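Engineer: Take this structure first; my questions come after.
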Amino acid sequence: MKFRILLVLLLALPTAALAQFRKEQWEGYFFPTVTDSKNYSFEGGTTVRQDMGFGLGFGFAKNLNPHLNLGGELSWGSANYRANVQPGVGNSNTQQTINGYVETYTVRFHGTYNILSGNFTPFVTGGLGWTYIDTNIPTGLPQNVCWFYPWVGQVCTGVTPTYSTTRFSYNAGAGLRYNWGPNYFVRALVNEQFIDFGGSYGTANLTQYRIDFGLRF
């Protein structure tokens, strides 16, 4: 008799856990991010080698049903870079090198589709938002001549440009999610973020790796 009761309880556990997942719950989470290194080529032949970057973010979402949730995220990232800056029109100087770091702040609204309705599921996600970019260019080059600065374009003034701008961005990603207990979850995610710089450069894509730690309530 005791064995039968124990067996019924064991069989009921997955059903109870699945019921928790099926509930229309809110969830909040935070995530560390690693961004792949990247090479850029800009107007005038200026190039940038951006190192691997690191960042943090947090988000929230509403589970509309066992598969679909909608929400928003705010994230920050930073990466060091080395730029080979080319002389501009009428500048007889040779190529110069500057070192700096670029920071990004992204706010996005996203939708996520969980393929399975159980506690363990693969998922796909996508979103739209805006990214603020600050290049933090640290030092100036010899002035009274023109230079093709990264992200900025040709500059012919005596002022060192520290370029910052807000651009439209979007993302697409895929990963795996696991719920445990009544309230917790973790996700592993590969995300591709696209930033529309406009001008001669166009759109940049950044590959990001995330682990999300969350609470359902």
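Residue numbering restarts at 1 for every chain of the structure tokens, chains are lettered A, B, ... in their displayed order, and ligands are numbered from 1 as they appear.
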Using only C-alpha atoms, which protein or nucleic acid residues come within 9 Å of Leu74 (chain A)? Drop anything in the same chain fewer than 3 positions from it, and give the result as a ChimeraX atom specification.

Structural biologist: /A:56-59,105-108

Engineer: Could you name the residues that touch Phe54 (chain A) at 8 Å or less, counting only C-alpha atoms, but leaving out those on the same chain fewer than 5 positions away, as a PyMOL selection string?

Structural biologist: chain A and resi 32-35+77-79

Engineer: For CA of Leu68 (chain A) and CA of Thr112 (chain A), determine how far apart the two atoms are, in Å to one decimal place.

Structural biologist: 5.8 Å

Engineer: When you count only C-alpha atoms, which of these residues is closest to Pro122 (chain A): A:Val190, A:Gly44, A:Leu141, A:Pro87?

Structural biologist: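 Among the listed residues, A:Val190 lies closest to Pro122 (chain A).
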
Engineer: Please provide as a PyMOL selection string all residues within 10 Å of Gly173 (chain A), with the sequence filter that same-chain residues fewer than 2 positions apart are discarded (counting only C-alpha atoms).

Structural biologist: chain A and resi 112+123-127+171+175+189-193+207-209
